[in-house]
Amino acid sequence: MRIPGPELEVGGRTLILGVLNVTPDSFSDGGVFLDTAAAVAQARRLVAEGADALDVGGESTRPGSDPVSEAEELRRVLPVVEALAAELRVPLSIDTTKAAVARAALRAGARIVNDVSALEADPEMGRVAADAGAAVILMHRRGPSRTMQDDPRYADVVAEVRDGLAAALQRAERAGVERARTLVDPGFGFGKTAAHNLSLLARLGELAALGRPIVAGLSRKATIGALTGVTAPGARLQGSVAAACIAALHGAALVRVHDVAPTREALAVVDAVRAARG
Ligand code: HH2
């Protein structure tokens, strides 16, 4: 598939979606890029390090987090999207579940809607994305952030996530979003235990049955901390890079990461191995 605007070919080498959190409370970098100038500087850094696209978010989705108002979210992200769209040559993604935020960001130049609710939270979201011709990342989750980690259970997490994403693709199509503009994401850590996340990573290839590019976001997440014993989220670099590499090897077309340069370097090896498979 191709993402319009600054063109991005999805499906060749593994692409990197750099994370830009314009929030006071994101789990690994809350408050660091809340100021527009700091966010723009970080965006420049991520692109210089090799990010293929940037994901701008104004609301933390960490477990236990409370929602923010539409006005506050817009106040955080819109100046950043406006500044970056004018300056950068990579597509911008808006990480939001609110149609009004997506609409404003798309008007300001964003090209991708990253909706962690897969168009469920706001009934207008699909239409807004469709009208703008935006690409849409449909992510699987179980319930809102505040409660999603309260004892999540699955009989077969991979099958249930796959079925949930298949339903999300239908929802997108009903709203007018062309299938060719969709991407799917299993939503690591969103209503999943560490064991669920490991099953999803080990069996990520089964999501290829959905026929859409796969996005994977494991960067700095609690599962990486649990496996490596690194408690500070910002220090979970090696585990995060390993997870991105495994996801890419298992078919992820895009990895959503905070640490772009080391991930880019590691993915060069993974992509060479993928190419050698023929
Ligand atoms: N993870 C986070 C946020 N948005 N979007 C997609 N598509 N996939 C993900 O795995 C994903 C996501 C959580 O990470 P982060 O943005 O760093 O933290 P916070 O939600 O606390 O801002």
# chains A, B, ... in the order shown; residues from 1 in each chain; ligands from 1

$ residues_near_ligand --ligand "ligand 1" --cutoff "9 Å" --atoms "only C-alpha atoms and all ligand atoms" --output "mmCIF file with all heavy atoms, in the first residue's frame"
data_model
loop_
_atom_site.group_PDB
_atom_site.id
_atom_site.type_symbol
_atom_site.label_atom_id
_atom_site.label_comp_id
_atom_site.auth_asym_id
_atom_site.auth_seq_id
_atom_site.Cartn_x
_atom_site.Cartn_y
_atom_site.Cartn_z
ATOM 1 N N VAL A 19 7.428 7.658 17.808
ATOM 2 C CA VAL A 19 6.420 8.118 18.773
ATOM 3 C C VAL A 19 6.731 9.534 19.245
ATOM 4 O O VAL A 19 7.843 9.815 19.686
ATOM 5 C CB VAL A 19 6.390 7.184 20.012
ATOM 6 C CG1 VAL A 19 5.364 7.677 21.030
ATOM 7 C CG2 VAL A 19 6.102 5.750 19.602
ATOM 8 N N LEU A 20 5.731 10.410 19.146
ATOM 9 C CA LEU A 20 5.877 11.777 19.656
ATOM 10 C C LEU A 20 4.695 12.051 20.595
ATOM 11 O O LEU A 20 3.597 12.362 20.144
ATOM 12 C CB LEU A 20 5.890 12.769 18.488
ATOM 13 C CG LEU A 20 6.241 14.205 18.848
ATOM 14 C CD1 LEU A 20 7.639 14.312 19.436
ATOM 15 C CD2 LEU A 20 6.124 15.107 17.625
ATOM 16 N N ASN A 21 4.945 11.902 21.873
ATOM 17 C CA ASN A 21 3.896 12.090 22.868
ATOM 18 C C ASN A 21 3.894 13.517 23.395
ATOM 19 O O ASN A 21 4.831 13.928 24.081
ATOM 20 C CB ASN A 21 4.094 11.115 24.037
ATOM 21 C CG ASN A 21 3.701 9.693 23.665
ATOM 22 O OD1 ASN A 21 2.741 9.482 22.940
ATOM 23 N ND2 ASN A 21 4.451 8.718 24.161
ATOM 24 N N VAL A 22 2.834 14.253 23.080
ATOM 25 C CA VAL A 22 2.705 15.634 23.561
ATOM 26 C C VAL A 22 1.740 15.588 24.747
ATOM 27 O O VAL A 22 0.601 16.052 24.675
ATOM 28 C CB VAL A 22 2.189 16.563 22.437
ATOM 29 C CG1 VAL A 22 2.360 18.025 22.846
ATOM 30 C CG2 VAL A 22 2.922 16.306 21.127
ATOM 31 N N THR A 23 2.193 14.961 25.821
ATOM 32 C CA THR A 23 1.337 14.706 26.988
ATOM 33 C C THR A 23 2.141 14.947 28.268
ATOM 34 O O THR A 23 3.366 14.861 28.255
ATOM 35 C CB THR A 23 0.890 13.229 27.032
ATOM 36 O OG1 THR A 23 2.061 12.421 27.200
ATOM 37 C CG2 THR A 23 0.158 12.807 25.776
ATOM 38 N N PRO A 24 1.433 15.201 29.383
ATOM 39 C CA PRO A 24 2.159 15.318 30.650
ATOM 40 C C PRO A 24 2.380 13.962 31.317
ATOM 41 O O PRO A 24 3.122 13.854 32.285
ATOM 42 C CB PRO A 24 1.218 16.183 31.501
ATOM 43 C CG PRO A 24 -0.146 15.896 30.960
ATOM 44 C CD PRO A 24 0.026 15.555 29.497
ATOM 45 N N ASP A 25 1.708 12.904 30.811
ATOM 46 C CA ASP A 25 1.614 11.673 31.614
ATOM 47 C C ASP A 25 1.816 10.377 30.841
ATOM 48 O O ASP A 25 1.422 9.311 31.324
ATOM 49 C CB ASP A 25 0.234 11.644 32.295
ATOM 50 C CG ASP A 25 -0.909 11.708 31.283
ATOM 51 O OD1 ASP A 25 -0.667 12.092 30.128
ATOM 52 O OD2 ASP A 25 -2.045 11.381 31.667
ATOM 53 N N SER A 26 2.420 10.412 29.642
ATOM 54 C CA SER A 26 2.686 9.148 28.949
ATOM 55 C C SER A 26 3.621 8.305 29.804
ATOM 56 O O SER A 26 4.437 8.841 30.566
ATOM 57 C CB SER A 26 3.310 9.417 27.578
ATOM 58 O OG SER A 26 2.327 9.901 26.699
ATOM 59 N N PHE A 27 3.517 6.971 29.648
ATOM 60 C CA PHE A 27 4.186 6.121 30.646
ATOM 61 C C PHE A 27 5.706 6.196 30.592
ATOM 62 O O PHE A 27 6.372 5.967 31.596
ATOM 63 C CB PHE A 27 3.705 4.664 30.520
ATOM 64 C CG PHE A 27 4.272 3.924 29.335
ATOM 65 C CD1 PHE A 27 5.409 3.145 29.473
ATOM 66 C CD2 PHE A 27 3.669 4.004 28.091
ATOM 67 C CE1 PHE A 27 5.944 2.465 28.386
ATOM 68 C CE2 PHE A 27 4.200 3.336 26.997
ATOM 69 C CZ PHE A 27 5.336 2.563 27.147
ATOM 70 N N SER A 28 6.286 6.527 29.424
ATOM 71 C CA SER A 28 7.753 6.526 29.378
ATOM 72 C C SER A 28 8.360 7.906 29.168
ATOM 73 O O SER A 28 9.521 8.118 29.490
ATOM 74 C CB SER A 28 8.250 5.587 28.271
ATOM 75 O OG SER A 28 8.102 6.183 26.998
ATOM 76 N N ASP A 29 7.595 8.842 28.615
ATOM 77 C CA ASP A 29 8.178 10.151 28.305
ATOM 78 C C ASP A 29 7.212 11.289 28.608
ATOM 79 O O ASP A 29 7.304 12.361 28.011
ATOM 80 C CB ASP A 29 8.624 10.203 26.837
ATOM 81 C CG ASP A 29 7.500 9.809 25.868
ATOM 82 O OD1 ASP A 29 6.366 9.583 26.350
ATOM 83 O OD2 ASP A 29 7.744 9.722 24.662
ATOM 84 N N GLY A 30 6.280 11.050 29.528
ATOM 85 C CA GLY A 30 5.291 12.079 29.872
ATOM 86 C C GLY A 30 5.963 13.367 30.314
ATOM 87 O O GLY A 30 6.895 13.351 31.118
ATOM 88 N N ASP A 55 4.108 9.577 14.808
ATOM 89 C CA ASP A 55 2.792 9.399 15.416
ATOM 90 C C ASP A 55 2.648 10.403 16.559
ATOM 91 O O ASP A 55 3.287 10.256 17.602
ATOM 92 C CB ASP A 55 2.693 7.961 15.942
ATOM 93 C CG ASP A 55 1.283 7.572 16.335
ATOM 94 O OD1 ASP A 55 0.336 8.081 15.720
ATOM 95 O OD2 ASP A 55 1.137 6.727 17.252
ATOM 96 N N VAL A 56 1.818 11.428 16.346
ATOM 97 C CA VAL A 56 1.671 12.499 17.329
ATOM 98 C C VAL A 56 0.456 12.205 18.208
ATOM 99 O O VAL A 56 -0.656 12.040 17.697
ATOM 100 C CB VAL A 56 1.487 13.867 16.629
ATOM 101 C CG1 VAL A 56 1.397 14.992 17.658
ATOM 102 C CG2 VAL A 56 2.610 14.133 15.640
ATOM 103 N N GLY A 57 0.667 12.151 19.515
ATOM 104 C CA GLY A 57 -0.433 11.843 20.432
ATOM 105 C C GLY A 57 -0.550 12.856 21.551
ATOM 106 O O GLY A 57 0.457 13.310 22.097
ATOM 107 N N GLY A 58 -1.786 13.220 21.910
ATOM 108 C CA GLY A 58 -2.017 14.198 22.971
ATOM 109 C C GLY A 58 -2.788 13.631 24.144
ATOM 110 O O GLY A 58 -3.219 14.378 25.028
ATOM 111 N N GLU A 59 -2.977 12.305 24.136
ATOM 112 C CA GLU A 59 -3.684 11.675 25.265
ATOM 113 C C GLU A 59 -2.995 10.361 25.594
ATOM 114 O O GLU A 59 -2.905 9.484 24.736
ATOM 115 C CB GLU A 59 -5.148 11.401 24.909
ATOM 116 C CG GLU A 59 -5.894 10.672 26.019
ATOM 117 C CD GLU A 59 -7.382 10.489 25.718
ATOM 118 O OE1 GLU A 59 -7.727 10.093 24.583
ATOM 119 O OE2 GLU A 59 -8.193 10.742 26.609
ATOM 120 N N SER A 60 -2.543 10.222 26.826
ATOM 121 C CA SER A 60 -1.908 8.957 27.214
ATOM 122 C C SER A 60 -2.955 7.847 27.253
ATOM 123 O O SER A 60 -4.100 8.076 27.643
ATOM 124 C CB SER A 60 -1.268 9.077 28.595
ATOM 125 O OG SER A 60 -0.807 7.804 29.010
ATOM 126 N N THR A 61 -2.535 6.658 26.812
ATOM 127 C CA THR A 61 -3.423 5.495 26.876
ATOM 128 C C THR A 61 -2.854 4.469 27.841
ATOM 129 O O THR A 61 -3.247 3.311 27.807
ATOM 130 C CB THR A 61 -3.549 4.853 25.481
ATOM 131 O OG1 THR A 61 -2.231 4.605 24.972
ATOM 132 C CG2 THR A 61 -4.295 5.749 24.521
ATOM 133 N N ARG A 62 -1.902 4.893 28.696
ATOM 134 C CA ARG A 62 -1.288 3.932 29.607
ATOM 135 C C ARG A 62 -2.358 3.339 30.520
ATOM 136 O O ARG A 62 -3.381 3.995 30.796
ATOM 137 C CB ARG A 62 -0.183 4.603 30.437
ATOM 138 C CG ARG A 62 -0.726 5.482 31.517
ATOM 139 C CD ARG A 62 0.328 6.249 32.288
ATOM 140 N NE ARG A 62 -0.282 6.803 33.495
ATOM 141 C CZ ARG A 62 -1.113 7.821 33.520
ATOM 142 N NH1 ARG A 62 -1.449 8.414 32.389
ATOM 143 N NH2 ARG A 62 -1.641 8.241 34.647
ATOM 144 N N PRO A 63 -2.146 2.098 31.000
ATOM 145 C CA PRO A 63 -3.150 1.489 31.873
ATOM 146 C C PRO A 63 -3.470 2.396 33.057
ATOM 147 O O PRO A 63 -2.567 2.944 33.693
ATOM 148 C CB PRO A 63 -2.453 0.196 32.328
ATOM 149 C CG PRO A 63 -1.466 -0.104 31.250
ATOM 150 C CD PRO A 63 -1.013 1.215 30.727
ATOM 151 N N SER A 65 -4.985 5.292 32.943
ATOM 152 C CA SER A 65 -5.047 6.728 32.638
ATOM 153 C C SER A 65 -6.492 7.187 32.445
ATOM 154 O O SER A 65 -7.348 6.424 32.010
ATOM 155 C CB SER A 65 -4.229 7.056 31.385
ATOM 156 O OG SER A 65 -4.723 6.338 30.276
ATOM 157 N N ASP A 95 -2.512 10.182 16.713
ATOM 158 C CA ASP A 95 -2.882 9.104 17.631
ATOM 159 C C ASP A 95 -4.025 9.622 18.508
ATOM 160 O O ASP A 95 -3.787 10.313 19.507
ATOM 161 C CB ASP A 95 -1.648 8.741 18.473
ATOM 162 C CG ASP A 95 -1.872 7.548 19.394
ATOM 163 O OD1 ASP A 95 -3.011 7.062 19.495
ATOM 164 O OD2 ASP A 95 -0.895 7.113 20.022
ATOM 165 N N THR A 96 -5.253 9.330 18.110
ATOM 166 C CA THR A 96 -6.406 9.842 18.848
ATOM 167 C C THR A 96 -7.602 8.919 18.660
ATOM 168 O O THR A 96 -7.681 8.182 17.668
ATOM 169 C CB THR A 96 -6.787 11.268 18.366
ATOM 170 O OG1 THR A 96 -7.813 11.804 19.229
ATOM 171 C CG2 THR A 96 -7.293 11.279 16.926
ATOM 172 N N ASN A 114 -4.367 7.098 13.691
ATOM 173 C CA ASN A 114 -4.037 5.939 14.515
ATOM 174 C C ASN A 114 -5.045 5.902 15.658
ATOM 175 O O ASN A 114 -4.935 6.666 16.614
ATOM 176 C CB ASN A 114 -2.611 6.069 15.046
ATOM 177 C CG ASN A 114 -2.267 4.953 16.022
ATOM 178 O OD1 ASN A 114 -2.863 3.876 15.991
ATOM 179 N ND2 ASN A 114 -1.308 5.203 16.892
ATOM 180 N N ASP A 115 -6.052 5.043 15.534
ATOM 181 C CA ASP A 115 -7.144 5.000 16.507
ATOM 182 C C ASP A 115 -7.035 3.712 17.330
ATOM 183 O O ASP A 115 -7.338 2.626 16.831
ATOM 184 C CB ASP A 115 -8.487 5.064 15.771
ATOM 185 C CG ASP A 115 -9.678 5.099 16.724
ATOM 186 O OD1 ASP A 115 -9.474 4.942 17.948
ATOM 187 O OD2 ASP A 115 -10.807 5.271 16.246
ATOM 188 N N VAL A 116 -6.620 3.854 18.602
ATOM 189 C CA VAL A 116 -6.440 2.665 19.448
ATOM 190 C C VAL A 116 -7.778 2.001 19.788
ATOM 191 O O VAL A 116 -7.793 0.907 20.343
ATOM 192 C CB VAL A 116 -5.640 2.973 20.743
ATOM 193 C CG1 VAL A 116 -4.246 3.487 20.422
ATOM 194 C CG2 VAL A 116 -6.396 3.930 21.659
ATOM 195 N N ILE A 137 -4.932 3.275 11.040
ATOM 196 C CA ILE A 137 -4.416 2.143 11.824
ATOM 197 C C ILE A 137 -5.526 1.709 12.778
ATOM 198 O O ILE A 137 -5.981 2.498 13.619
ATOM 199 C CB ILE A 137 -3.151 2.521 12.616
ATOM 200 C CG1 ILE A 137 -2.050 3.007 11.657
ATOM 201 C CG2 ILE A 137 -2.662 1.329 13.452
ATOM 202 C CD1 ILE A 137 -0.794 3.538 12.355
ATOM 203 N N LEU A 138 -5.964 0.465 12.612
ATOM 204 C CA LEU A 138 -7.027 -0.103 13.458
ATOM 205 C C LEU A 138 -6.345 -0.978 14.503
ATOM 206 O O LEU A 138 -5.747 -1.999 14.168
ATOM 207 C CB LEU A 138 -7.970 -0.948 12.601
ATOM 208 C CG LEU A 138 -8.685 -0.204 11.470
ATOM 209 C CD1 LEU A 138 -9.243 -1.184 10.447
ATOM 210 C CD2 LEU A 138 -9.800 0.677 12.040
ATOM 211 N N MET A 139 -6.423 -0.553 15.762
ATOM 212 C CA MET A 139 -5.751 -1.309 16.822
ATOM 213 C C MET A 139 -6.746 -2.048 17.696
ATOM 214 O O MET A 139 -7.802 -1.515 18.027
ATOM 215 C CB MET A 139 -4.897 -0.364 17.682
ATOM 216 C CG MET A 139 -3.847 -1.086 18.509
ATOM 217 S SD MET A 139 -3.285 -0.114 19.916
ATOM 218 C CE MET A 139 -4.689 -0.382 21.041
ATOM 219 N N HIS A 140 -6.384 -3.265 18.078
ATOM 220 C CA HIS A 140 -7.234 -4.055 18.975
ATOM 221 C C HIS A 140 -6.990 -3.659 20.430
ATOM 222 O O HIS A 140 -5.844 -3.511 20.861
ATOM 223 C CB HIS A 140 -6.915 -5.549 18.827
ATOM 224 C CG HIS A 140 -7.724 -6.409 19.759
ATOM 225 N ND1 HIS A 140 -7.361 -6.641 21.072
ATOM 226 C CD2 HIS A 140 -8.895 -7.054 19.575
ATOM 227 C CE1 HIS A 140 -8.272 -7.405 21.643
ATOM 228 N NE2 HIS A 140 -9.211 -7.670 20.760
ATOM 229 N N SER A 145 -8.676 2.557 28.640
ATOM 230 C CA SER A 145 -7.374 2.477 29.315
ATOM 231 C C SER A 145 -7.498 2.335 30.835
ATOM 232 O O SER A 145 -6.704 1.647 31.462
ATOM 233 C CB SER A 145 -6.556 3.731 28.994
ATOM 234 O OG SER A 145 -6.330 3.814 27.609
ATOM 235 N N VAL A 184 -3.495 -2.886 10.376
ATOM 236 C CA VAL A 184 -4.009 -3.503 11.605
ATOM 237 C C VAL A 184 -2.896 -3.646 12.642
ATOM 238 O O VAL A 184 -1.729 -3.788 12.292
ATOM 239 C CB VAL A 184 -4.647 -4.889 11.331
ATOM 240 C CG1 VAL A 184 -5.906 -4.744 10.484
ATOM 241 C CG2 VAL A 184 -3.649 -5.835 10.676
ATOM 242 N N ASP A 185 -3.295 -3.589 13.919
ATOM 243 C CA ASP A 185 -2.329 -3.603 15.023
ATOM 244 C C ASP A 185 -2.935 -4.427 16.159
ATOM 245 O O ASP A 185 -4.066 -4.139 16.583
ATOM 246 C CB ASP A 185 -2.094 -2.143 15.451
ATOM 247 C CG ASP A 185 -1.060 -1.988 16.556
ATOM 248 O OD1 ASP A 185 -0.878 -2.916 17.361
ATOM 249 O OD2 ASP A 185 -0.460 -0.893 16.629
ATOM 250 N N PRO A 186 -2.218 -5.442 16.672
ATOM 251 C CA PRO A 186 -2.792 -6.270 17.743
ATOM 252 C C PRO A 186 -2.908 -5.553 19.081
ATOM 253 O O PRO A 186 -3.564 -6.063 19.995
ATOM 254 C CB PRO A 186 -1.811 -7.447 17.847
ATOM 255 C CG PRO A 186 -0.519 -6.912 17.316
ATOM 256 C CD PRO A 186 -0.898 -5.918 16.241
ATOM 257 N N GLY A 187 -2.295 -4.379 19.224
ATOM 258 C CA GLY A 187 -2.458 -3.616 20.462
ATOM 259 C C GLY A 187 -1.773 -4.249 21.656
ATOM 260 O O GLY A 187 -2.410 -4.568 22.670
ATOM 261 N N PHE A 188 -0.452 -4.401 21.549
ATOM 262 C CA PHE A 188 0.303 -4.984 22.673
ATOM 263 C C PHE A 188 0.081 -4.162 23.939
ATOM 264 O O PHE A 188 0.218 -2.934 23.930
ATOM 265 C CB PHE A 188 1.799 -5.027 22.329
ATOM 266 C CG PHE A 188 2.134 -6.026 21.263
ATOM 267 C CD1 PHE A 188 2.318 -5.636 19.941
ATOM 268 C CD2 PHE A 188 2.252 -7.372 21.580
ATOM 269 C CE1 PHE A 188 2.627 -6.564 18.953
ATOM 270 C CE2 PHE A 188 2.550 -8.313 20.598
ATOM 271 C CZ PHE A 188 2.736 -7.907 19.281
ATOM 272 N N GLY A 189 -0.299 -4.852 25.013
ATOM 273 C CA GLY A 189 -0.476 -4.185 26.302
ATOM 274 C C GLY A 189 -1.849 -3.561 26.519
ATOM 275 O O GLY A 189 -2.123 -3.052 27.605
ATOM 276 N N PHE A 190 -2.687 -3.605 25.513
ATOM 277 C CA PHE A 190 -4.024 -3.001 25.659
ATOM 278 C C PHE A 190 -5.034 -4.096 26.017
ATOM 279 O O PHE A 190 -5.653 -4.709 25.141
ATOM 280 C CB PHE A 190 -4.433 -2.303 24.362
ATOM 281 C CG PHE A 190 -3.749 -0.986 24.125
ATOM 282 C CD1 PHE A 190 -2.451 -0.939 23.625
ATOM 283 C CD2 PHE A 190 -4.383 0.215 24.416
ATOM 284 C CE1 PHE A 190 -1.810 0.267 23.407
ATOM 285 C CE2 PHE A 190 -3.752 1.436 24.203
ATOM 286 C CZ PHE A 190 -2.457 1.462 23.700
ATOM 287 N N VAL A 215 0.970 -3.383 12.046
ATOM 288 C CA VAL A 215 1.717 -2.421 12.857
ATOM 289 C C VAL A 215 1.944 -3.069 14.218
ATOM 290 O O VAL A 215 1.034 -3.720 14.745
ATOM 291 C CB VAL A 215 0.908 -1.109 13.041
ATOM 292 C CG1 VAL A 215 1.662 -0.111 13.895
ATOM 293 C CG2 VAL A 215 0.551 -0.498 11.683
ATOM 294 N N ALA A 216 3.138 -2.917 14.780
ATOM 295 C CA ALA A 216 3.412 -3.499 16.103
ATOM 296 C C ALA A 216 4.055 -2.458 17.007
ATOM 297 O O ALA A 216 5.036 -1.813 16.625
ATOM 298 C CB ALA A 216 4.322 -4.720 15.968
ATOM 299 N N GLY A 217 3.496 -2.304 18.214
ATOM 300 C CA GLY A 217 4.035 -1.343 19.171
ATOM 301 C C GLY A 217 4.349 -2.012 20.492
ATOM 302 O O GLY A 217 3.453 -2.253 21.300
ATOM 303 N N LEU A 218 5.605 -2.327 20.701
ATOM 304 C CA LEU A 218 6.012 -2.945 21.980
ATOM 305 C C LEU A 218 6.985 -2.048 22.735
ATOM 306 O O LEU A 218 7.347 -2.346 23.871
ATOM 307 C CB LEU A 218 6.685 -4.291 21.709
ATOM 308 C CG LEU A 218 5.744 -5.391 21.238
ATOM 309 C CD1 LEU A 218 6.267 -6.034 19.960
ATOM 310 C CD2 LEU A 218 5.568 -6.451 22.320
ATOM 311 N N SER A 219 7.372 -0.951 22.120
ATOM 312 C CA SER A 219 8.446 -0.118 22.633
ATOM 313 C C SER A 219 8.230 0.291 24.092
ATOM 314 O O SER A 219 7.205 0.897 24.437
ATOM 315 C CB SER A 219 8.532 1.141 21.751
ATOM 316 O OG SER A 219 9.590 1.963 22.123
ATOM 317 N N ARG A 220 9.192 -0.066 24.951
ATOM 318 C CA ARG A 220 9.258 0.342 26.369
ATOM 319 C C ARG A 220 8.102 -0.190 27.223
ATOM 320 O O ARG A 220 7.944 0.231 28.375
ATOM 321 C CB ARG A 220 9.301 1.866 26.492
ATOM 322 C CG ARG A 220 10.490 2.507 25.791
ATOM 323 C CD ARG A 220 10.487 4.010 26.029
ATOM 324 N NE ARG A 220 11.637 4.675 25.430
ATOM 325 C CZ ARG A 220 11.840 5.987 25.473
ATOM 326 N NH1 ARG A 220 10.967 6.770 26.080
ATOM 327 N NH2 ARG A 220 12.909 6.519 24.924
ATOM 328 N N LYS A 221 7.285 -1.066 26.686
ATOM 329 C CA LYS A 221 6.080 -1.461 27.422
ATOM 330 C C LYS A 221 6.401 -2.388 28.602
ATOM 331 O O LYS A 221 7.495 -2.938 28.707
ATOM 332 C CB LYS A 221 5.053 -2.087 26.471
ATOM 333 C CG LYS A 221 4.392 -0.990 25.617
ATOM 334 C CD LYS A 221 3.282 -1.467 24.730
ATOM 335 C CE LYS A 221 2.673 -0.254 24.004
ATOM 336 N NZ LYS A 221 1.716 -0.625 22.970
ATOM 337 N N VAL A 255 6.891 -0.663 12.677
ATOM 338 C CA VAL A 255 7.046 -0.776 14.128
ATOM 339 C C VAL A 255 6.968 0.620 14.735
ATOM 340 O O VAL A 255 7.567 1.562 14.222
ATOM 341 C CB VAL A 255 8.357 -1.505 14.527
ATOM 342 C CG1 VAL A 255 8.272 -2.986 14.191
ATOM 343 C CG2 VAL A 255 9.573 -0.881 13.875
ATOM 344 N N ARG A 256 6.182 0.721 15.808
ATOM 345 C CA ARG A 256 5.973 2.016 16.470
ATOM 346 C C ARG A 256 6.948 2.073 17.645
ATOM 347 O O ARG A 256 6.812 1.306 18.599
ATOM 348 C CB ARG A 256 4.510 2.079 16.951
ATOM 349 C CG ARG A 256 4.118 3.391 17.610
ATOM 350 C CD ARG A 256 2.682 3.320 18.113
ATOM 351 N NE ARG A 256 2.270 4.573 18.728
ATOM 352 C CZ ARG A 256 2.560 4.920 19.983
ATOM 353 N NH1 ARG A 256 3.249 4.106 20.756
ATOM 354 N NH2 ARG A 256 2.140 6.075 20.467
ATOM 355 N N VAL A 257 7.952 2.980 17.555
ATOM 356 C CA VAL A 257 9.012 2.982 18.570
ATOM 357 C C VAL A 257 9.378 4.392 19.044
ATOM 358 O O VAL A 257 9.208 5.368 18.310
ATOM 359 C CB VAL A 257 10.304 2.279 18.062
ATOM 360 C CG1 VAL A 257 10.008 0.878 17.543
ATOM 361 C CG2 VAL A 257 11.031 3.090 17.004
ATOM 362 N N HIS A 258 9.927 4.448 20.277
ATOM 363 C CA HIS A 258 10.428 5.704 20.824
ATOM 364 C C HIS A 258 11.890 5.933 20.430
ATOM 365 O O HIS A 258 12.309 7.072 20.280
ATOM 366 C CB HIS A 258 10.346 5.693 22.353
ATOM 367 C CG HIS A 258 8.970 5.471 22.905
ATOM 368 N ND1 HIS A 258 8.396 4.225 22.994
ATOM 369 C CD2 HIS A 258 8.050 6.351 23.387
ATOM 370 C CE1 HIS A 258 7.182 4.343 23.523
ATOM 371 N NE2 HIS A 258 6.945 5.615 23.751
#

$ closest_atom_pairs --of "range 74-115 of chain A" --to "range 34-49 of chain A" --cutoff "8 Å" --atoms "only C-alpha atoms" --output "JSON lines"
{"residue": "A:Arg76", "atom": "CA", "partner": "A:Leu34", "partner_atom": "CA", "distance": 7.2}
{"residue": "A:Pro79", "atom": "CA", "partner": "A:Thr36", "partner_atom": "CA", "distance": 6.7}
{"residue": "A:Val80", "atom": "CA", "partner": "A:Thr36", "partner_atom": "CA", "distance": 5.7}
{"residue": "A:Ala83", "atom": "CA", "partner": "A:Val40", "partner_atom": "CA", "distance": 7.3}
{"residue": "A:Leu84", "atom": "CA", "partner": "A:Val40", "partner_atom": "CA", "distance": 6.8}
{"residue": "A:Leu88", "atom": "CA", "partner": "A:Arg44", "partner_atom": "CA", "distance": 7.8}
{"residue": "A:Val90", "atom": "CA", "partner": "A:Val47", "partner_atom": "CA", "distance": 7.7}

$ closest_residue --among "A:Ala129, A:Leu204, A:Leu183, A:Cys245" --to "Ala168 in chain A" --atoms "only C-alpha atoms"
A:Leu183

$ atom_distance --atom1 "CA of Ile214 in chain A" --atom2 "CA of Ala252 in chain A"
4.8 Å

$ residues_around --residues "Arg111 in chain A" --least-positions-apart "6" --cutoff "12 Å" --atoms "only C-alpha atoms" --output "number ranges by chain"
A: 2-8, 53-56, 81, 85, 89-95, 102-105, 128-137, 181

$ select_by_dssp --residues "range 198-258 of chain A" --states "strand (DSSP E or B)" --output "PyMOL selection string"
chain A and resi 214-216+252-257

$ write_last_selection --atoms "N, CA, C and O atoms" --output "PDB file, in the first residue's frame"
ATOM      1  N   ILE A 214       0.689  -5.019   8.925  1.00  0.00           N
ATOM      2  CA  ILE A 214       0.620  -5.124  10.388  1.00  0.00           C
ATOM      3  C   ILE A 214       1.519  -4.063  11.035  1.00  0.00           C
ATOM      4  O   ILE A 214       2.668  -3.884  10.630  1.00  0.00           O
ATOM      5  N   VAL A 215       0.970  -3.383  12.046  1.00  0.00           N
ATOM      6  CA  VAL A 215       1.717  -2.421  12.857  1.00  0.00           C
ATOM      7  C   VAL A 215       1.944  -3.069  14.218  1.00  0.00           C
ATOM      8  O   VAL A 215       1.034  -3.720  14.745  1.00  0.00           O
ATOM      9  N   ALA A 216       3.138  -2.917  14.780  1.00  0.00           N
ATOM     10  CA  ALA A 216       3.412  -3.499  16.103  1.00  0.00           C
ATOM     11  C   ALA A 216       4.055  -2.458  17.007  1.00  0.00           C
ATOM     12  O   ALA A 216       5.036  -1.813  16.625  1.00  0.00           O
ATOM     13  N   ALA A 252       5.630  -7.788  10.700  1.00  0.00           N
ATOM     14  CA  ALA A 252       5.180  -6.401  10.895  1.00  0.00           C
ATOM     15  C   ALA A 252       5.749  -5.519   9.783  1.00  0.00           C
ATOM     16  O   ALA A 252       6.941  -5.588   9.479  1.00  0.00           O
ATOM     17  N   ALA A 253       4.896  -4.698   9.190  1.00  0.00           N
ATOM     18  CA  ALA A 253       5.346  -3.774   8.146  1.00  0.00           C
ATOM     19  C   ALA A 253       5.843  -2.471   8.750  1.00  0.00           C
ATOM     20  O   ALA A 253       6.700  -1.797   8.183  1.00  0.00           O
ATOM     21  N   LEU A 254       5.283  -2.132   9.922  1.00  0.00           N
ATOM     22  CA  LEU A 254       5.630  -0.890  10.618  1.00  0.00           C
ATOM     23  C   LEU A 254       5.836  -1.199  12.087  1.00  0.00           C
ATOM     24  O   LEU A 254       4.997  -1.890  12.691  1.00  0.00           O
ATOM     25  N   VAL A 255       6.891  -0.663  12.677  1.00  0.00           N
ATOM     26  CA  VAL A 255       7.046  -0.776  14.128  1.00  0.00           C
ATOM     27  C   VAL A 255       6.968   0.620  14.735  1.00  0.00           C
ATOM     28  O   VAL A 255       7.567   1.562  14.222  1.00  0.00           O
ATOM     29  N   ARG A 256       6.182   0.721  15.808  1.00  0.00           N
ATOM     30  CA  ARG A 256       5.973   2.016  16.470  1.00  0.00           C
ATOM     31  C   ARG A 256       6.948   2.073  17.645  1.00  0.00           C
ATOM     32  O   ARG A 256       6.812   1.306  18.599  1.00  0.00           O
ATOM     33  N   VAL A 257       7.952   2.980  17.555  1.00  0.00           N
ATOM     34  CA  VAL A 257       9.012   2.982  18.570  1.00  0.00           C
ATOM     35  C   VAL A 257       9.378   4.392  19.044  1.00  0.00           C
ATOM     36  O   VAL A 257       9.208   5.368  18.310  1.00  0.00           O
TER      37      VAL A 257
END
